Each structure stands twice: as structure tokens, then as C-alpha cells.
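Below is one structure, written out as C-alpha cells; the observations come after it.
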Amino acid sequence: MSQRLIELVESFGHPTVVLLGDLMLDRYLYGDAQRISPEAPVLVLRHEREEHRLGGAGNVAACLATLGARVRVVGLVGVDDAGRDIRQRLEVAGCDAGGVIAAAGRRTTVKTRLVGSSQHKNPQQLMRLDLEDTAPIDAELEQAVVDRCQRAMDGARMLAIEDYNKGLLSDPLCRRVIALARAGGLSILIDPANIPDYSRYRGATCLKMNRPEAERATGLPLRQPGDFAPGAARLLEALEAEAVIITLDRQGSILASAADGQRPAEHRLLSTRQRQVADGTGAGDMVLAMLVMARAAGGTWSESATLANIAGGLEVERFGVVPITRDEVIAELFAETHQQLGKQRTLEQLLPELVRHRAAGRKVVFTNGCFDLVHLGHVKYFQFAKRQGDLLIVAVNTDQSIRRLKGEKRPIITQEDRLGVLEELESIDYLLSFDDDTPLEIIRQIRPDVLVKGADYAKQQVVGWDLVESSGGRVALAPLVDGRSTSTMIQRIVEAYG
């Protein structure tokens, strides 16, 4: 599954996405919080720095752009400094802000967070101050927004709606825009507001919501596994949607999709791994962005929801709203693949993985040997090799090749057991086995950045040294550990028990 998801992320391309939603400016005031005020029992925050970031639908736009989408943003800001800041940040993020309307007499939504830290510990949000205007927009402004959406949909594939219930996305506006998107053949993915009536979203392709939002919209509890299917089914039926996805924090997410001509109805609980949560801000935005990109690339609902789970999980590990990149998602999937498959690979399996590692800027180190009776000298050797780069590949001789090289009495330990022991060493990332007398063909195909051998060899004696250096790599000779060798260990055993 992880391999398929990696391929899906790599195929994202640059789809054109229309994003309609409530634009906000997130303002962070950082300070030192080591004193209590003498005036009242409250923290005193000594100002250190200030940051501005895109919030609300603006964060979704930044997430989409970071993942590679061509984003056309439609929304409202005020005629004020915050509104100008949002437009500028959208453009810097690579988004088309031509659909953003500056509405006279309407304040731009600004969320100011006071963030304190003490004794160099992780920052903590202490308080949030919101400046906003949530009054419903008038008919004239509604028509202007619809017109901007219609123009933005020309040539687009997806419509994403991010609703924070700030007065922009009224029932009539949602219905009109959804109708336009359906008529234009766009898929419509919505992150709804926390409101009791979801009828404004009827006809959307998919809704992505969190547990409290889904409970409020359905009137049903979503606490136990037995609750999930009835709640999701009620949403699917009421909204006439293809799919609904409900995020459940540590429990993962629920995916429910309706039957169509090709696939049966699906109800699944998608698990997620436990994470160190730094801040939940922006996780839902990242989930929506990943769903849009995965669906645009042809992912199934299950694949898309799984990727969205991963992206949202990566987001909560960061403080504040920070868009997640494709490379970060692929690295997470690589880690999952390693966990599932272990370290042993065939050369055919390994080569495509190395392409992705190198695309992420990782330096590949290679070494080889029999590694019969693994001892401290081997451990130090692998540690040295790993320090030469980012990724250590160890090629291990088969039993047959060792017998050809060292005689019928070797190896002492079978190939299966040798590989099993080496797999437990933290410094090794990948293990290969080879039956040739030398690893020359493996080196030719891998083209490592660093080739490691023991210091009992001269550089010119190391098989493949010229291939590696001709490709811009280098040879590193590992220092030997006195008295630690397999031959020495065998001799001691023979002397002790012979």
C-alpha cells in the first residue's frame, strides 16, 4: 500500500484548483513568560518577536500550492492592512489571488495568538484574540463572489470550499457555486463549518469534517466503533455525496463512500499512528488540501483519505500553520514501508527506492562482506560507514559464494541468520544478498556516493573503486578494531573447545 501511495504522491502534477472560503490572517506574538504580574495573578509576556501567516482558507491555499496545485483563490478581505497582507502572502505562496474581493466596510479576519515559552521549552499558546466581521454578505457582494467563482472555474478540475462560518458562505451562495461546479464537471470537496444544518452543501462530491462537526450535523454520537457507520450513512444520504470523511484525532478517520457503477459502498476506519502533538492548528486545512490533490491525481477515496491522514498527522507535529511538502509525505511513507517490509530487498526492489532517496538529497553509502559471526569490529565498521552519508546499504555474500571464497567449512552462520542479525543493527538501512564472487554488478547499478571497505585494503584493491570515483563518489577506508575478526573468534573457539 505504501508503495502505491508513494507513486500517487509523485504523480500529483499541477492540477488547477479553485478555492473558495474564509480568508484569515494568523498573527503570532511570541514572548518570554517567566513572570507573574504584580497587578493580578496572570502571566506577563515579554515580547520577543511577531509572525504573520495565512490562516483559514488562506492556509488551505498555501497547502495546495506547496503540494503543487495551481490555486485560484476566491474570498473576501477588508480594505485594510491585514487584507493587503493576505493578498500579498497568497501571491508569494504562488496562488492566483485575482478572485479575492476587498469589501469596503468589512473587516479582515485576524486571529492574534499570544505564545509564551519559559526556560527555552516548547512554546505554548496562552490566549487568542479574534478581530472579525461575521455578518452575512449582501446580495450584491454575493453576486460578485459567484461571478469570480465562475471565471475561476474555467479550465479547473477541482473546487475546494473551506467554510468557517464567517458570513461569506451563506446557504444561497453555497448552492449556487456547487451548482456551477457540477455543471462544469468539477469535483467538489468541502471542509464544512461547525453548524447543525449541512443542507447548504448538498450535491458536493465529498465532505471532510471532524468528530464534533459530524456529531452536531447528524445529531448522533460518534464515540465508539459501532457509532461510525450510522453517522456516516446519515451524512451520505442527506447530502447526496459520493463520500464523507470524518477525522477522529488519535482514532484515525472514518471513510464512507456511496456505491456507484464500478465500486460497492464502503465503510472503513482508517487508523493513524500516535504522534507527538505540538499544535492542532491547521491540521484540518492540510487534510482538505491532500484530499484534493490525491483525488485530482486519480486516487481512490481510500488512498486519498489515507494520505490525508498522514498529512494531517505531520501537521500536528509542527507549531502553527506550516504547509506539508510532497517530500515530507513521501519520507513518511518510506518510513512506513521500512516498518512493513524490514530492511531486506532485492536489487530490483531497491533501485526505485534509491531514486526517491536521492531526489530528497540523501547520500548513499555502500559496503559488502560475509559478516559471519558478527562481532564488535563489525558494529564499529557499520557505524563508521553510516557516518559517511545518510543511507547505508550492506550487501552480504550468500552461503554458496562464501564457500567458494573461504572453503567448505564456512560460513559458520547461515545466510538467513546472518541477515536476521544484521537487520537489528540501527546503522544499517538496507540489506542485499549476492551470489557473485564480487559485488561489482551491484555497485555498477547502485552507483553509491561512498564506497566503504576496511583499512586492511588499499583503495585500488577495493572492488568498484574506479566506478564510484568516475561517478563523482569516493572511497572511505574504515579503521580496524584490534583483535576483532571472525577468523580470530573461530580460532579462540577451536582452542577452547577443540
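The chains in the C-alpha cells are called A, B, ... from first to last as shown; in each chain the residues are counted from 1, and the ligands are counted from 1 in the order shown.
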
- request: Write out as a PyMOL selection string all residues of region 38-124 of chain A that DSSP puts in strand (DSSP E) for this structure's backbone.
  value: chain A and resi 43-56+70-78+96-103+109-117+124

field: Secondary structure check, alpha helix (DSSP H) residues of region 249-379 of chain A, as a PyMOL selection string
entry: chain A and resi 283-296+301-316+326-341+347-359+376-379

Give me the residues within 10 Å of Gln143 (chain A) as a JSON list (two decimals) with all heavy atoms, in the first residue's frame, counting only C-alpha atoms and dropping any in the same chain fewer than 5 places off.
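Wrote result.json, looks like this:
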```json
[["chain", "number", "residue", "atom", "x", "y", "z"],
["A", 137, "ILE", "N", -23.00, 38.39, 4.06],
["A", 137, "ILE", "CA", -22.77, 39.35, 2.99],
["A", 137, "ILE", "C", -24.09, 39.69, 2.31],
["A", 137, "ILE", "O", -25.05, 38.91, 2.35],
["A", 137, "ILE", "CB", -21.76, 38.80, 1.96],
["A", 137, "ILE", "CG1", -22.28, 37.52, 1.31],
["A", 137, "ILE", "CG2", -20.42, 38.55, 2.62],
["A", 137, "ILE", "CD1", -21.40, 36.98, 0.20],
["A", 138, "ASP", "N", -24.15, 40.86, 1.67],
["A", 138, "ASP", "CA", -25.39, 41.26, 0.99],
["A", 138, "ASP", "C", -25.46, 40.65, -0.41],
["A", 138, "ASP", "O", -24.52, 39.99, -0.88],
["A", 138, "ASP", "CB", -25.50, 42.79, 0.93],
["A", 138, "ASP", "CG", -24.33, 43.45, 0.21],
["A", 138, "ASP", "OD1", -23.73, 42.81, -0.71],
["A", 138, "ASP", "OD2", -23.98, 44.59, 0.53],
["A", 148, "ARG", "N", -16.86, 35.71, -9.61],
["A", 148, "ARG", "CA", -15.43, 35.37, -9.52],
["A", 148, "ARG", "C", -15.23, 33.85, -9.56],
["A", 148, "ARG", "O", -14.29, 33.35, -10.20],
["A", 148, "ARG", "CB", -14.83, 35.93, -8.23],
["A", 148, "ARG", "CG", -14.90, 37.46, -8.08],
["A", 148, "ARG", "CD", -13.96, 38.20, -8.98],
["A", 148, "ARG", "NE", -14.10, 39.63, -8.84],
["A", 148, "ARG", "CZ", -13.29, 40.43, -8.14],
["A", 148, "ARG", "NH1", -12.27, 39.90, -7.50],
["A", 148, "ARG", "NH2", -13.51, 41.73, -8.09],
["A", 149, "CYS", "N", -16.12, 33.13, -8.87],
["A", 149, "CYS", "CA", -16.02, 31.66, -8.89],
["A", 149, "CYS", "C", -16.21, 31.11, -10.29],
["A", 149, "CYS", "O", -15.48, 30.22, -10.73],
["A", 149, "CYS", "CB", -17.07, 31.06, -7.95],
["A", 149, "CYS", "SG", -16.66, 31.17, -6.20],
["A", 173, "LEU", "N", -25.35, 31.17, -1.48],
["A", 173, "LEU", "CA", -24.06, 31.22, -2.18],
["A", 173, "LEU", "C", -23.51, 29.82, -2.38],
["A", 173, "LEU", "O", -23.06, 29.47, -3.48],
["A", 173, "LEU", "CB", -23.06, 32.07, -1.40],
["A", 173, "LEU", "CG", -21.65, 32.15, -1.99],
["A", 173, "LEU", "CD1", -21.67, 32.80, -3.36],
["A", 173, "LEU", "CD2", -20.70, 32.87, -1.06],
["A", 176, "ARG", "N", -25.43, 27.95, -5.12],
["A", 176, "ARG", "CA", -25.16, 28.47, -6.46],
["A", 176, "ARG", "C", -23.79, 28.01, -6.96],
["A", 176, "ARG", "O", -23.64, 27.60, -8.12],
["A", 176, "ARG", "CB", -25.25, 30.00, -6.47],
["A", 176, "ARG", "CG", -26.63, 30.54, -6.22],
["A", 176, "ARG", "CD", -26.64, 32.06, -6.17],
["A", 176, "ARG", "NE", -26.32, 32.65, -7.47],
["A", 176, "ARG", "CZ", -26.17, 33.96, -7.66],
["A", 176, "ARG", "NH1", -26.27, 34.80, -6.64],
["A", 176, "ARG", "NH2", -25.89, 34.41, -8.88]]
```

- request: Excluding region 37-45 of chain A and residues on its chain fewer than 2 positions from it, collect all residues at most 12 Å away from it, counting only C-alpha atoms, and give them as a ChimeraX atom specification.
  value: /A:29-35,47-49,113-118,123-127

Store the residues of this selection in a file with N, CA and C atoms, as a PDB file, in the first residue's frame.
```
ATOM      1  N   LEU A  29       2.254  36.454  18.391  1.00  0.00           N
ATOM      2  CA  LEU A  29       3.107  37.302  19.228  1.00  0.00           C
ATOM      3  C   LEU A  29       3.837  36.389  20.214  1.00  0.00           C
ATOM      4  N   TYR A  30       5.135  36.244  20.020  1.00  0.00           N
ATOM      5  CA  TYR A  30       5.936  35.361  20.853  1.00  0.00           C
ATOM      6  C   TYR A  30       6.605  36.176  21.964  1.00  0.00           C
ATOM      7  N   GLY A  31       6.700  35.532  23.117  1.00  0.00           N
ATOM      8  CA  GLY A  31       7.367  36.214  24.214  1.00  0.00           C
ATOM      9  C   GLY A  31       7.810  35.267  25.297  1.00  0.00           C
ATOM     10  N   ASP A  32       8.588  35.790  26.222  1.00  0.00           N
ATOM     11  CA  ASP A  32       9.061  35.053  27.378  1.00  0.00           C
ATOM     12  C   ASP A  32       8.014  35.170  28.486  1.00  0.00           C
ATOM     13  N   ALA A  33       7.658  34.036  29.083  1.00  0.00           N
ATOM     14  CA  ALA A  33       6.578  34.026  30.083  1.00  0.00           C
ATOM     15  C   ALA A  33       7.087  33.480  31.410  1.00  0.00           C
ATOM     16  N   GLN A  34       7.994  34.197  32.043  1.00  0.00           N
ATOM     17  CA  GLN A  34       8.579  33.720  33.291  1.00  0.00           C
ATOM     18  C   GLN A  34       8.114  34.493  34.518  1.00  0.00           C
ATOM     19  N   ARG A  35       7.295  35.541  34.305  1.00  0.00           N
ATOM     20  CA  ARG A  35       6.886  36.357  35.457  1.00  0.00           C
ATOM     21  C   ARG A  35       5.377  36.347  35.635  1.00  0.00           C
ATOM     22  N   HIS A  47       7.575  40.649  25.149  1.00  0.00           N
ATOM     23  CA  HIS A  47       7.556  40.482  23.697  1.00  0.00           C
ATOM     24  C   HIS A  47       8.952  40.216  23.151  1.00  0.00           C
ATOM     25  N   GLU A  48       9.031  39.210  22.247  1.00  0.00           N
ATOM     26  CA  GLU A  48      10.300  38.874  21.594  1.00  0.00           C
ATOM     27  C   GLU A  48      10.229  39.029  20.083  1.00  0.00           C
ATOM     28  N   ARG A  49       9.156  38.528  19.470  1.00  0.00           N
ATOM     29  CA  ARG A  49       9.039  38.626  18.012  1.00  0.00           C
ATOM     30  C   ARG A  49       7.586  38.437  17.593  1.00  0.00           C
ATOM     31  N   ARG A 113      -2.570  35.313  18.271  1.00  0.00           N
ATOM     32  CA  ARG A 113      -2.254  34.329  19.310  1.00  0.00           C
ATOM     33  C   ARG A 113      -1.060  34.808  20.130  1.00  0.00           C
ATOM     34  N   LEU A 114      -1.233  34.819  21.441  1.00  0.00           N
ATOM     35  CA  LEU A 114      -0.125  35.110  22.341  1.00  0.00           C
ATOM     36  C   LEU A 114       0.549  33.791  22.693  1.00  0.00           C
ATOM     37  N   VAL A 115       1.830  33.709  22.406  1.00  0.00           N
ATOM     38  CA  VAL A 115       2.561  32.451  22.557  1.00  0.00           C
ATOM     39  C   VAL A 115       3.718  32.662  23.516  1.00  0.00           C
ATOM     40  N   GLY A 116       3.730  31.898  24.600  1.00  0.00           N
ATOM     41  CA  GLY A 116       4.774  32.057  25.595  1.00  0.00           C
ATOM     42  C   GLY A 116       5.659  30.843  25.709  1.00  0.00           C
ATOM     43  N   SER A 117       6.899  31.087  26.086  1.00  0.00           N
ATOM     44  CA  SER A 117       7.824  29.998  26.389  1.00  0.00           C
ATOM     45  C   SER A 117       8.605  30.391  27.631  1.00  0.00           C
ATOM     46  N   SER A 118       9.112  29.359  28.330  1.00  0.00           N
ATOM     47  CA  SER A 118       9.849  29.610  29.560  1.00  0.00           C
ATOM     48  C   SER A 118      11.005  28.637  29.641  1.00  0.00           C
ATOM     49  N   PRO A 123       7.203  26.412  22.850  1.00  0.00           N
ATOM     50  CA  PRO A 123       6.219  27.490  23.028  1.00  0.00           C
ATOM     51  C   PRO A 123       4.812  26.941  23.218  1.00  0.00           C
ATOM     52  N   GLN A 124       4.014  27.655  24.011  1.00  0.00           N
ATOM     53  CA  GLN A 124       2.633  27.271  24.275  1.00  0.00           C
ATOM     54  C   GLN A 124       1.728  28.469  23.994  1.00  0.00           C
ATOM     55  N   GLN A 125       0.591  28.187  23.345  1.00  0.00           N
ATOM     56  CA  GLN A 125      -0.383  29.245  23.105  1.00  0.00           C
ATOM     57  C   GLN A 125      -1.085  29.578  24.417  1.00  0.00           C
ATOM     58  N   LEU A 126      -1.080  30.853  24.777  1.00  0.00           N
ATOM     59  CA  LEU A 126      -1.663  31.284  26.043  1.00  0.00           C
ATOM     60  C   LEU A 126      -3.069  31.854  25.860  1.00  0.00           C
ATOM     61  N   MET A 127      -3.282  32.499  24.726  1.00  0.00           N
ATOM     62  CA  MET A 127      -4.553  33.197  24.538  1.00  0.00           C
ATOM     63  C   MET A 127      -4.701  33.544  23.062  1.00  0.00           C
TER      64      MET A 127
END
```

- request: For Val374 (chain A), list every protein, DNA or RNA residue within 10 Å, evaluated using only C-alpha atoms, and leave out those in the same chain fewer than 3 positions away; present the list as a list in words.
  value: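 Once the nearby chain positions are removed, what remains is Cys370, Phe371, Gly377, His378, Val379, Ile413, Arg418, Val421, Leu422, Arg484, Ser485, Thr486 and Met489 of chain A.
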
- request: Check the smallest atom-to-atom distance from each of A:Ala69, A:Val146, A:Asp133, A:Leu347 to Pro439 (chain A) using only C-alpha atoms, then report the winner.
  value: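 Going through A:Ala69, A:Val146, A:Asp133, A:Leu347 one by one, the smallest distance to Pro439 (chain A) is for A:Leu347.
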
May I have the residues within 12 Å of Thr414 (chain A) as a PDB file with N, CA, C and O atoms, in the first residue's frame, using only C-alpha atoms and disregarding those fewer than 5 positions away in the same chain?
```pdb
ATOM      1  N   CYS A 370      31.055 -10.824   4.107  1.00  0.00           N
ATOM      2  CA  CYS A 370      30.426 -12.082   4.543  1.00  0.00           C
ATOM      3  C   CYS A 370      29.685 -11.888   5.857  1.00  0.00           C
ATOM      4  O   CYS A 370      28.595 -12.416   6.056  1.00  0.00           O
ATOM      5  N   PHE A 371      30.326 -11.182   6.791  1.00  0.00           N
ATOM      6  CA  PHE A 371      29.747 -10.873   8.104  1.00  0.00           C
ATOM      7  C   PHE A 371      29.268 -12.133   8.810  1.00  0.00           C
ATOM      8  O   PHE A 371      28.150 -12.226   9.301  1.00  0.00           O
ATOM      9  N   ASP A 372      30.182 -13.092   8.851  1.00  0.00           N
ATOM     10  CA  ASP A 372      29.963 -14.347   9.563  1.00  0.00           C
ATOM     11  C   ASP A 372      30.364 -14.121  11.020  1.00  0.00           C
ATOM     12  O   ASP A 372      31.394 -13.492  11.295  1.00  0.00           O
ATOM     13  N   LEU A 373      29.599 -14.585  11.971  1.00  0.00           N
ATOM     14  CA  LEU A 373      29.861 -14.352  13.395  1.00  0.00           C
ATOM     15  C   LEU A 373      30.041 -12.850  13.675  1.00  0.00           C
ATOM     16  O   LEU A 373      31.153 -12.365  13.923  1.00  0.00           O
ATOM     17  N   VAL A 374      28.964 -12.107  13.629  1.00  0.00           N
ATOM     18  CA  VAL A 374      29.009 -10.645  13.804  1.00  0.00           C
ATOM     19  C   VAL A 374      29.553 -10.306  15.187  1.00  0.00           C
ATOM     20  O   VAL A 374      29.115 -10.858  16.203  1.00  0.00           O
ATOM     21  N   VAL A 396      25.485  -8.675   1.376  1.00  0.00           N
ATOM     22  CA  VAL A 396      26.004  -9.812   2.132  1.00  0.00           C
ATOM     23  C   VAL A 396      26.160 -11.016   1.203  1.00  0.00           C
ATOM     24  O   VAL A 396      25.233 -11.374   0.469  1.00  0.00           O
ATOM     25  N   ASN A 397      27.315 -11.649   1.254  1.00  0.00           N
ATOM     26  CA  ASN A 397      27.556 -12.843   0.431  1.00  0.00           C
ATOM     27  C   ASN A 397      26.616 -13.982   0.823  1.00  0.00           C
ATOM     28  O   ASN A 397      26.347 -14.206   2.006  1.00  0.00           O
ATOM     29  N   THR A 398      26.128 -14.711  -0.178  1.00  0.00           N
ATOM     30  CA  THR A 398      25.344 -15.918   0.091  1.00  0.00           C
ATOM     31  C   THR A 398      26.244 -17.008   0.658  1.00  0.00           C
ATOM     32  O   THR A 398      27.484 -16.930   0.591  1.00  0.00           O
ATOM     33  N   ASP A 399      25.623 -18.046   1.194  1.00  0.00           N
ATOM     34  CA  ASP A 399      26.402 -19.179   1.712  1.00  0.00           C
ATOM     35  C   ASP A 399      27.266 -19.797   0.615  1.00  0.00           C
ATOM     36  O   ASP A 399      28.432 -20.146   0.836  1.00  0.00           O
ATOM     37  N   GLN A 400      26.674 -19.946  -0.595  1.00  0.00           N
ATOM     38  CA  GLN A 400      27.414 -20.566  -1.694  1.00  0.00           C
ATOM     39  C   GLN A 400      28.652 -19.749  -2.070  1.00  0.00           C
ATOM     40  O   GLN A 400      29.744 -20.313  -2.307  1.00  0.00           O
ATOM     41  N   SER A 401      28.511 -18.431  -2.150  1.00  0.00           N
ATOM     42  CA  SER A 401      29.666 -17.613  -2.545  1.00  0.00           C
ATOM     43  C   SER A 401      30.738 -17.626  -1.459  1.00  0.00           C
ATOM     44  O   SER A 401      31.935 -17.582  -1.761  1.00  0.00           O
ATOM     45  N   ILE A 402      30.343 -17.706  -0.190  1.00  0.00           N
ATOM     46  CA  ILE A 402      31.342 -17.773   0.889  1.00  0.00           C
ATOM     47  C   ILE A 402      32.122 -19.090   0.807  1.00  0.00           C
ATOM     48  O   ILE A 402      33.344 -19.118   0.989  1.00  0.00           O
ATOM     49  N   ARG A 403      31.404 -20.173   0.504  1.00  0.00           N
ATOM     50  CA  ARG A 403      32.109 -21.459   0.373  1.00  0.00           C
ATOM     51  C   ARG A 403      33.125 -21.419  -0.767  1.00  0.00           C
ATOM     52  O   ARG A 403      34.207 -21.990  -0.663  1.00  0.00           O
ATOM     53  N   LYS A 409      34.124 -25.175   4.975  1.00  0.00           N
ATOM     54  CA  LYS A 409      33.791 -25.051   6.395  1.00  0.00           C
ATOM     55  C   LYS A 409      33.118 -23.726   6.740  1.00  0.00           C
ATOM     56  O   LYS A 409      32.676 -23.542   7.881  1.00  0.00           O
ATOM     57  N   LEU A 419      21.633 -12.414   7.938  1.00  0.00           N
ATOM     58  CA  LEU A 419      20.777 -11.278   7.563  1.00  0.00           C
ATOM     59  C   LEU A 419      19.846 -10.880   8.706  1.00  0.00           C
ATOM     60  O   LEU A 419      19.605  -9.693   8.950  1.00  0.00           O
ATOM     61  N   GLY A 420      19.325 -11.874   9.429  1.00  0.00           N
ATOM     62  CA  GLY A 420      18.442 -11.580  10.550  1.00  0.00           C
ATOM     63  C   GLY A 420      19.127 -10.798  11.648  1.00  0.00           C
ATOM     64  O   GLY A 420      18.543  -9.883  12.246  1.00  0.00           O
ATOM     65  N   VAL A 421      20.383 -11.130  11.937  1.00  0.00           N
ATOM     66  CA  VAL A 421      21.144 -10.396  12.951  1.00  0.00           C
ATOM     67  C   VAL A 421      21.442  -8.967  12.468  1.00  0.00           C
ATOM     68  O   VAL A 421      21.252  -7.988  13.203  1.00  0.00           O
TER      69      VAL A 421
END
```

task: Go through A:Leu376, A:Ala308, A:Val74, A:Val364 and flag the residue nearest Ile161 (chain A), using only C-alpha atoms for the distances.
output: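 Once distances to Ile161 (chain A) are computed over only C-alpha atoms, the minimum belongs to A:Val74.
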
- prompt: Hey, which of A:Ser253, A:Ile188, A:Leu477, A:Ala160 ends up closest to Ala458 (chain A)? Count only C-alpha atoms.
  reply: A:Leu477

task: For each of A:Ile310, A:Asp260, A:Gln388, A:Gly185, take the minimum atom-to-atom distance to Thr325 (chain A), counting only C-alpha atoms, then give the residue where this is smallest.
output: A:Ile310

With only C-alpha atoms as the counted atoms, please give the residues lying no more than 7 Å from Leu25 (chain A), apart from itself and same-chain residues fewer than 2 positions off, as an mmCIF file with all heavy atoms, in the first residue's frame.
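Dumped everything to part_9.cif:
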```cif
data_model
loop_
_atom_site.group_PDB
_atom_site.id
_atom_site.type_symbol
_atom_site.label_atom_id
_atom_site.label_comp_id
_atom_site.auth_asym_id
_atom_site.auth_seq_id
_atom_site.Cartn_x
_atom_site.Cartn_y
_atom_site.Cartn_z
ATOM 1 N N ARG A 27 -1.835 35.851 13.304
ATOM 2 C CA ARG A 27 -0.778 36.715 13.850
ATOM 3 C C ARG A 27 -0.285 36.079 15.148
ATOM 4 O O ARG A 27 -1.071 35.792 16.055
ATOM 5 C CB ARG A 27 -1.367 38.103 14.109
ATOM 6 C CG ARG A 27 -0.408 39.172 14.571
ATOM 7 C CD ARG A 27 -1.099 40.533 14.493
ATOM 8 N NE ARG A 27 -0.326 41.586 15.110
ATOM 9 C CZ ARG A 27 -0.659 42.188 16.256
ATOM 10 N NH1 ARG A 27 -1.772 41.842 16.880
ATOM 11 N NH2 ARG A 27 0.100 43.137 16.765
ATOM 12 N N HIS A 52 3.452 36.651 10.961
ATOM 13 C CA HIS A 52 2.156 36.628 10.279
ATOM 14 C C HIS A 52 2.131 35.428 9.335
ATOM 15 O O HIS A 52 3.110 35.174 8.623
ATOM 16 C CB HIS A 52 1.929 37.912 9.474
ATOM 17 C CG HIS A 52 1.694 39.113 10.323
ATOM 18 N ND1 HIS A 52 1.330 40.335 9.819
ATOM 19 C CD2 HIS A 52 1.758 39.290 11.666
ATOM 20 C CE1 HIS A 52 1.186 41.206 10.795
ATOM 21 N NE2 HIS A 52 1.462 40.597 11.927
ATOM 22 N N ARG A 53 1.018 34.687 9.328
ATOM 23 C CA ARG A 53 0.870 33.552 8.428
ATOM 24 C C ARG A 53 -0.547 33.549 7.859
ATOM 25 O O ARG A 53 -1.470 34.122 8.446
ATOM 26 C CB ARG A 53 1.117 32.226 9.163
ATOM 27 C CG ARG A 53 2.479 32.117 9.822
ATOM 28 C CD ARG A 53 2.626 30.786 10.542
ATOM 29 N NE ARG A 53 3.818 30.732 11.380
ATOM 30 C CZ ARG A 53 4.145 29.728 12.176
ATOM 31 N NH1 ARG A 53 3.343 28.657 12.230
ATOM 32 N NH2 ARG A 53 5.227 29.752 12.907
ATOM 33 N N LEU A 54 -0.713 32.890 6.731
ATOM 34 C CA LEU A 54 -2.042 32.717 6.158
ATOM 35 C C LEU A 54 -2.842 31.750 7.025
ATOM 36 O O LEU A 54 -2.359 30.694 7.411
ATOM 37 C CB LEU A 54 -1.943 32.161 4.737
ATOM 38 C CG LEU A 54 -1.411 33.122 3.679
ATOM 39 C CD1 LEU A 54 -1.043 32.372 2.410
ATOM 40 C CD2 LEU A 54 -2.440 34.215 3.379
ATOM 41 N N GLY A 55 -4.089 32.122 7.309
ATOM 42 C CA GLY A 55 -4.963 31.280 8.104
ATOM 43 C C GLY A 55 -6.262 30.995 7.374
ATOM 44 O O GLY A 55 -6.561 31.580 6.333
ATOM 45 N N ALA A 82 -4.439 44.227 6.968
ATOM 46 C CA ALA A 82 -4.491 42.765 7.054
ATOM 47 C C ALA A 82 -4.929 42.160 5.732
ATOM 48 O O ALA A 82 -4.399 41.128 5.297
ATOM 49 C CB ALA A 82 -5.433 42.340 8.185
ATOM 50 N N ILE A 86 -2.761 39.562 3.404
ATOM 51 C CA ILE A 86 -3.232 38.263 2.930
ATOM 52 C C ILE A 86 -3.026 38.119 1.431
ATOM 53 O O ILE A 86 -2.511 37.096 0.950
ATOM 54 C CB ILE A 86 -4.716 38.063 3.297
ATOM 55 C CG1 ILE A 86 -4.859 37.800 4.798
ATOM 56 C CG2 ILE A 86 -5.329 36.904 2.497
ATOM 57 C CD1 ILE A 86 -6.282 37.733 5.287
ATOM 58 N N THR A 109 -10.613 39.223 8.807
ATOM 59 C CA THR A 109 -10.495 38.386 9.999
ATOM 60 C C THR A 109 -9.026 38.217 10.365
ATOM 61 O O THR A 109 -8.209 37.780 9.553
ATOM 62 C CB THR A 109 -11.125 37.004 9.766
ATOM 63 O OG1 THR A 109 -12.521 37.171 9.493
ATOM 64 C CG2 THR A 109 -10.960 36.113 10.989
ATOM 65 N N VAL A 110 -8.695 38.570 11.607
ATOM 66 C CA VAL A 110 -7.332 38.422 12.127
ATOM 67 C C VAL A 110 -7.409 37.675 13.453
ATOM 68 O O VAL A 110 -8.151 38.068 14.353
ATOM 69 C CB VAL A 110 -6.644 39.792 12.341
ATOM 70 C CG1 VAL A 110 -5.230 39.588 12.897
ATOM 71 C CG2 VAL A 110 -6.604 40.588 11.047
ATOM 72 N N LYS A 111 -6.645 36.590 13.547
ATOM 73 C CA LYS A 111 -6.554 35.841 14.792
ATOM 74 C C LYS A 111 -5.165 36.069 15.381
ATOM 75 O O LYS A 111 -4.160 35.681 14.785
ATOM 76 C CB LYS A 111 -6.782 34.348 14.548
ATOM 77 C CG LYS A 111 -8.188 34.014 14.072
ATOM 78 C CD LYS A 111 -8.370 32.515 13.883
ATOM 79 C CE LYS A 111 -9.798 32.190 13.460
ATOM 80 N NZ LYS A 111 -10.016 30.735 13.280
#
```

field: Residue nearest Pro230 (chain A) among A:Ser199, A:Ser487, A:Asn368, A:Thr218 (counting only C-alpha atoms)
entry: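 Selected residue with least distance to Pro230 (chain A): A:Thr218.
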
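The gap separating CA of Val92 (chain A) from CA of Asp80 (chain A) is 18.6 Å, in Å to one decimal.
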
Option closest in space to Arg70 (chain A), from A:Ile195, A:Leu141, A:Ala296, A:Ala238 [counting only C-alpha atoms]: A:Ala296
